$ cat query_22.cif   # mmCIF, C-alpha atoms; chains and numbers go by the auth columns
data_protein
loop_
_atom_site.group_PDB
_atom_site.id
_atom_site.type_symbol
_atom_site.label_atom_id
_atom_site.label_comp_id
_atom_site.label_asym_id
_atom_site.label_seq_id
_atom_site.Cartn_x
_atom_site.Cartn_y
_atom_site.Cartn_z
_atom_site.B_iso_or_equiv
_atom_site.auth_seq_id
_atom_site.auth_asym_id
ATOM 1 C CA ASP A 1 2.836 -12.959 -6.065 0.00 203 A
ATOM 2 C CA GLY A 2 -0.462 -12.404 -4.372 0.00 204 A
ATOM 3 C CA PRO A 3 -1.332 -10.674 -1.156 0.00 205 A
ATOM 4 C CA PRO A 4 0.361 -11.849 2.022 0.00 206 A
ATOM 5 C CA ASP A 5 -1.090 -15.010 3.549 0.00 207 A
ATOM 6 C CA SER A 6 -1.560 -15.580 7.293 0.00 208 A
ATOM 7 C CA SER A 7 2.205 -16.028 7.688 0.00 209 A
ATOM 8 C CA GLY A 8 2.837 -12.620 6.080 0.00 210 A
ATOM 9 C CA ARG A 9 4.365 -14.264 2.996 0.00 211 A
ATOM 10 C CA PHE A 10 3.173 -13.553 -0.516 0.00 212 A
ATOM 11 C CA ALA A 11 1.080 -16.293 -2.087 0.00 213 A
ATOM 12 C CA THR A 12 1.864 -17.121 -5.692 0.00 214 A
ATOM 13 C CA THR A 13 -0.938 -16.431 -8.185 0.00 215 A
ATOM 14 C CA ARG A 14 1.033 -16.188 -11.422 0.00 216 A
ATOM 15 C CA GLU A 15 0.156 -19.734 -12.455 0.00 217 A
ATOM 16 C CA VAL A 16 -3.491 -18.724 -12.849 0.00 218 A
ATOM 17 C CA SER A 17 -4.399 -18.022 -16.463 0.00 219 A
ATOM 18 C CA LEU A 18 -7.805 -16.465 -17.077 0.00 220 A
ATOM 19 C CA THR A 19 -9.576 -15.244 -20.161 0.00 221 A
ATOM 20 C CA ARG A 20 -11.115 -11.780 -20.064 0.00 222 A
ATOM 21 C CA ALA A 21 -14.561 -13.282 -19.453 0.00 223 A
ATOM 22 C CA GLU A 22 -13.220 -15.479 -16.634 0.00 224 A
ATOM 23 C CA LEU A 23 -11.525 -12.500 -15.019 0.00 225 A
ATOM 24 C CA LEU A 24 -14.682 -10.399 -15.184 0.00 226 A
ATOM 25 C CA SER A 25 -16.727 -13.250 -13.721 0.00 227 A
ATOM 26 C CA SER A 26 -14.246 -14.001 -10.956 0.00 228 A
ATOM 27 C CA ALA A 27 -13.907 -10.335 -9.978 0.00 229 A
ATOM 28 C CA GLN A 28 -17.640 -9.714 -10.436 0.00 230 A
ATOM 29 C CA ALA A 29 -16.781 -6.667 -12.506 0.00 231 A
ATOM 30 C CA GLY A 30 -17.930 -5.108 -15.736 0.00 232 A
ATOM 31 C CA GLN A 31 -16.156 -4.513 -19.037 0.00 233 A
ATOM 32 C CA GLU A 32 -16.035 -0.755 -18.450 0.00 234 A
ATOM 33 C CA LEU A 33 -14.103 -1.124 -15.180 0.00 235 A
ATOM 34 C CA LEU A 34 -11.608 -3.577 -16.646 0.00 236 A
ATOM 35 C CA SER A 35 -11.069 -1.363 -19.693 0.00 237 A
ATOM 36 C CA ALA A 36 -10.388 1.606 -17.423 0.00 238 A
ATOM 37 C CA LEU A 37 -7.954 -0.424 -15.293 0.00 239 A
ATOM 38 C CA GLU A 38 -6.135 -1.451 -18.466 0.00 240 A
ATOM 39 C CA ALA A 39 -6.073 2.135 -19.741 0.00 241 A
ATOM 40 C CA PHE A 40 -4.366 3.279 -16.531 0.00 242 A
ATOM 41 C CA GLY A 41 -1.892 0.389 -16.586 0.00 243 A
ATOM 42 C CA LEU A 42 -3.251 -1.256 -13.460 0.00 244 A
ATOM 43 C CA VAL A 43 -4.167 -4.536 -15.157 0.00 245 A
ATOM 44 C CA THR A 44 -2.514 -5.922 -18.265 0.00 246 A
ATOM 45 C CA PRO A 45 -3.037 -9.202 -20.060 0.00 247 A
ATOM 46 C CA ASP A 46 -0.053 -11.376 -20.899 0.00 248 A
ATOM 47 C CA PRO A 47 1.076 -10.092 -24.314 0.00 249 A
ATOM 48 C CA SER A 48 1.702 -13.569 -25.701 0.00 250 A
ATOM 49 C CA THR A 49 -1.525 -15.260 -24.545 0.00 251 A
ATOM 50 C CA GLY A 50 -3.940 -12.427 -23.854 0.00 252 A
ATOM 51 C CA THR A 51 -4.787 -14.034 -20.513 0.00 253 A
ATOM 52 C CA TYR A 52 -4.724 -12.580 -17.015 0.00 254 A
ATOM 53 C CA ASP A 53 -3.089 -13.842 -13.830 0.00 255 A
ATOM 54 C CA GLY A 54 -4.527 -14.088 -10.339 0.00 256 A
ATOM 55 C CA GLU A 55 -3.283 -10.632 -9.431 0.00 257 A
ATOM 56 C CA ALA A 56 -5.571 -9.193 -12.098 0.00 258 A
ATOM 57 C CA VAL A 57 -8.514 -10.704 -10.209 0.00 259 A
ATOM 58 C CA THR A 58 -7.378 -9.135 -6.939 0.00 260 A
ATOM 59 C CA ILE A 59 -6.780 -5.740 -8.546 0.00 261 A
ATOM 60 C CA THR A 60 -10.076 -5.758 -10.456 0.00 262 A
ATOM 61 C CA ARG A 61 -12.111 -6.923 -7.469 0.00 263 A
ATOM 62 C CA THR A 62 -10.476 -4.360 -5.194 0.00 264 A
ATOM 63 C CA ALA A 63 -11.024 -1.587 -7.730 0.00 265 A
ATOM 64 C CA ARG A 64 -14.693 -2.608 -7.950 0.00 266 A
ATOM 65 C CA GLU A 65 -14.994 -2.400 -4.172 0.00 267 A
ATOM 66 C CA LEU A 66 -13.235 0.978 -4.073 0.00 268 A
ATOM 67 C CA ALA A 67 -15.603 2.247 -6.766 0.00 269 A
ATOM 68 C CA SER A 68 -18.445 1.877 -4.286 0.00 270 A
ATOM 69 C CA PHE A 69 -16.740 4.707 -2.352 0.00 271 A
ATOM 70 C CA GLY A 70 -16.430 6.870 -5.460 0.00 272 A
ATOM 71 C CA ILE A 71 -12.801 5.956 -6.081 0.00 273 A
ATOM 72 C CA GLU A 72 -12.319 5.554 -9.823 0.00 274 A
ATOM 73 C CA PRO A 73 -9.524 3.722 -11.671 0.00 275 A
ATOM 74 C CA ARG A 74 -7.879 7.054 -12.522 0.00 276 A
ATOM 75 C CA HIS A 75 -7.480 7.667 -8.789 0.00 277 A
ATOM 76 C CA LEU A 76 -5.580 4.390 -8.421 0.00 278 A
ATOM 77 C CA ARG A 77 -2.641 5.346 -10.619 0.00 279 A
ATOM 78 C CA PRO A 78 -0.567 6.599 -7.633 0.00 280 A
ATOM 79 C CA PHE A 79 -0.839 3.114 -6.113 0.00 281 A
ATOM 80 C CA ARG A 80 0.726 1.679 -9.255 0.00 282 A
ATOM 81 C CA THR A 81 3.492 4.285 -9.199 0.00 283 A
ATOM 82 C CA THR A 82 4.247 3.533 -5.548 0.00 284 A
ATOM 83 C CA ALA A 83 4.256 -0.214 -6.192 0.00 285 A
ATOM 84 C CA ASP A 84 6.679 0.241 -9.095 0.00 286 A
ATOM 85 C CA ARG A 85 9.015 2.263 -6.890 0.00 287 A
ATOM 86 C CA GLU A 86 8.833 -0.309 -4.096 0.00 288 A
ATOM 87 C CA ALA A 87 9.533 -3.098 -6.586 0.00 289 A
ATOM 88 C CA GLY A 88 12.610 -1.198 -7.738 0.00 290 A
ATOM 89 C CA LEU A 89 13.834 -0.999 -4.164 0.00 291 A
ATOM 90 C CA VAL A 90 13.268 -4.732 -3.660 0.00 292 A
ATOM 91 C CA GLU A 91 15.207 -5.434 -6.859 0.00 293 A
ATOM 92 C CA GLN A 92 18.122 -3.316 -5.626 0.00 294 A
ATOM 93 C CA VAL A 93 18.231 -5.367 -2.445 0.00 295 A
ATOM 94 C CA VAL A 94 18.173 -8.763 -4.153 0.00 296 A
ATOM 95 C CA ALA A 95 20.323 -7.916 -7.192 0.00 297 A
ATOM 96 C CA PRO A 96 23.564 -9.006 -5.491 0.00 298 A
ATOM 97 C CA LEU A 97 21.947 -12.340 -4.587 0.00 299 A
ATOM 98 C CA ARG A 98 20.764 -12.871 -8.167 0.00 300 A
ATOM 99 C CA GLN A 99 24.314 -12.325 -9.443 0.00 301 A
ATOM 100 C CA GLN A 100 25.811 -14.982 -7.197 0.00 302 A
ATOM 101 C CA ARG A 101 26.681 -18.317 -8.684 0.00 303 A
ATOM 102 C CA GLY A 102 25.490 -21.529 -7.209 0.00 304 A
ATOM 103 C CA GLY A 103 22.390 -23.637 -7.149 0.00 305 A
ATOM 104 C CA GLN A 104 20.799 -21.889 -4.195 0.00 306 A
ATOM 105 C CA ALA A 105 21.402 -18.266 -5.211 0.00 307 A
ATOM 106 C CA ALA A 106 18.210 -17.917 -7.262 0.00 308 A
ATOM 107 C CA GLY A 107 16.105 -19.426 -4.508 0.00 309 A
ATOM 108 C CA GLN A 108 17.695 -17.180 -1.895 0.00 310 A
ATOM 109 C CA ALA A 109 17.069 -14.125 -4.064 0.00 311 A
ATOM 110 C CA GLU A 110 13.420 -15.085 -4.530 0.00 312 A
ATOM 111 C CA GLU A 111 12.965 -15.679 -0.798 0.00 313 A
ATOM 112 C CA ALA A 112 14.637 -12.363 0.038 0.00 314 A
ATOM 113 C CA ALA A 113 12.405 -10.562 -2.478 0.00 315 A
ATOM 114 C CA ARG A 114 9.280 -12.072 -0.896 0.00 316 A
ATOM 115 C CA GLU A 115 10.419 -11.157 2.594 0.00 317 A
ATOM 116 C CA VAL A 116 11.331 -7.566 1.709 0.00 318 A
ATOM 117 C CA ALA A 117 8.043 -7.151 -0.179 0.00 319 A
ATOM 118 C CA SER A 118 6.060 -8.465 2.799 0.00 320 A
ATOM 119 C CA LEU A 119 7.867 -6.048 5.097 0.00 321 A
ATOM 120 C CA ALA A 120 7.165 -3.171 2.696 0.00 322 A
ATOM 121 C CA VAL A 121 3.442 -4.026 2.692 0.00 323 A
ATOM 122 C CA ARG A 122 3.435 -4.141 6.489 0.00 324 A
ATOM 123 C CA LEU A 123 5.206 -0.773 6.665 0.00 325 A
ATOM 124 C CA HIS A 124 2.834 0.784 4.140 0.00 326 A
ATOM 125 C CA ALA A 125 -0.214 -0.424 6.095 0.00 327 A
ATOM 126 C CA ALA A 126 1.166 0.950 9.375 0.00 328 A
ATOM 127 C CA LEU A 127 2.028 4.296 7.796 0.00 329 A
ATOM 128 C CA LEU A 128 -1.451 4.597 6.267 0.00 330 A
ATOM 129 C CA LYS A 129 -3.088 3.699 9.583 0.00 331 A
ATOM 130 C CA THR A 130 -0.944 6.282 11.392 0.00 332 A
ATOM 131 C CA ALA A 131 -1.758 8.980 8.837 0.00 333 A
ATOM 132 C CA LEU A 132 -5.488 8.308 9.157 0.00 334 A
ATOM 133 C CA GLU A 133 -5.321 8.348 12.949 0.00 335 A
ATOM 134 C CA ARG A 134 -3.529 11.715 12.881 0.00 336 A
ATOM 135 C CA ARG A 135 -6.410 13.054 10.820 0.00 337 A
ATOM 136 C CA GLY A 136 -8.983 11.619 13.204 0.00 338 A
ATOM 137 C CA THR A 137 -10.346 9.159 10.659 0.00 339 A
#

$ encode --input "query_22.cif" --output "structure tokens"
Amino acid sequence: DGPPDSSGRFATTREVSLTRAELLSSAQAGQELLSALEAFGLVTPDPSTGTYDGEAVTITRTARELASFGIEPRHLRPFRTTADREAGLVEQVVAPLRQQRGGQAAGQAEEAAREVASLAVRLHAALLKTALERRGT
């Protein structure tokens, strides 16, 4: 799912399927940046098709913008680690819902996962803002 929309919910971008050239064009990035993002596990093509989803565009574009501040792909690895940990927490929360039987259980689990993820993003943003304010930034 993509970044939160105006309602705070995650928009779905998995249906997007881009070639490497389309991704680079859409993100206005170069081969070197994308190769570095792949090397650090921040962007990965679908193993069966070799294509990229919409999240790859967001990640690549954001990494390109961060590079203008001297932040290189190698510096972004902690973001990936944090995201993986947060995803694990979300999975722990929705696992009982996924195990329930019934036609609505899967939908409820997906909705709960989106809501918890949106709340985690909101919390992360507030914590970052607070940390920067404490430092006078």

$ closest_residue --input "query_22.cif" --among "A:Ala258, A:Ala307, A:Ala319, A:Ile273" --to "Leu225 of chain A" --atoms "only C-alpha atoms"
A:Ala258

$ resolve_selection --input "query_22.cif" --expression "the PyMOL selection byres ((chain A and resi 228) around 12)" --output "list in words"
Val218, Ser219, Leu220, Thr221, Arg222, Ala223, Glu224, Leu225, Leu226, Ser227, Ala229, Gln230, Ala231, Gly232, Tyr254, Asp255, Gly256, Glu257, Ala258, Val259, Thr260, Ile261, Thr262, Arg263, Thr264 and Arg266 of chain A

$ resolve_selection --input "query_22.cif" --expression "the PyMOL selection byres ((chain A and resi 276-279) around 8)" --output "VMD selection string"
chain A and resid 238 to 239 242 to 244 273 to 275 280 to 283

$ closest_residue --input "query_22.cif" --among "A:Ala241, A:Val292, A:Leu235, A:Ala285" --to "Arg316 of chain A" --atoms "only C-alpha atoms"
A:Val292

$ atom_distance --input "query_22.cif" --atom1 "atom CA of Val295 of chain A" --atom2 "atom CA of Gly309 of chain A"
14.4 Å

$ closest_residue --input "query_22.cif" --among "A:Glu288, A:Thr339, A:Gln294, A:Gly305" --to "Ser320 of chain A" --atoms "all atoms listed in the file"
A:Glu288

$ atom_distance --input "query_22.cif" --atom1 "atom CA of Leu329 of chain A" --atom2 "atom CA of Phe271 of chain A"
21.3 Å

$ atom_distance --input "query_22.cif" --atom1 "atom CA of Leu291 of chain A" --atom2 "atom CA of Ala308 of chain A"
17.7 Å

$ closest_residue --input "query_22.cif" --among "A:Ala265, A:Val245, A:Val296, A:Ala333" --to "Ala314 of chain A" --atoms "all atoms listed in the file"
A:Val296

$ axis_aligned_box --input "query_22.cif" --around "segment 222-229 of chain A" --padding-each-side "6 Å" --output "AutoDock Vina command-line options"
--center_x -13.9 --center_y -12.9 --center_z -15.0 --size_x 17.6 --size_y 17.1 --size_z 22.1
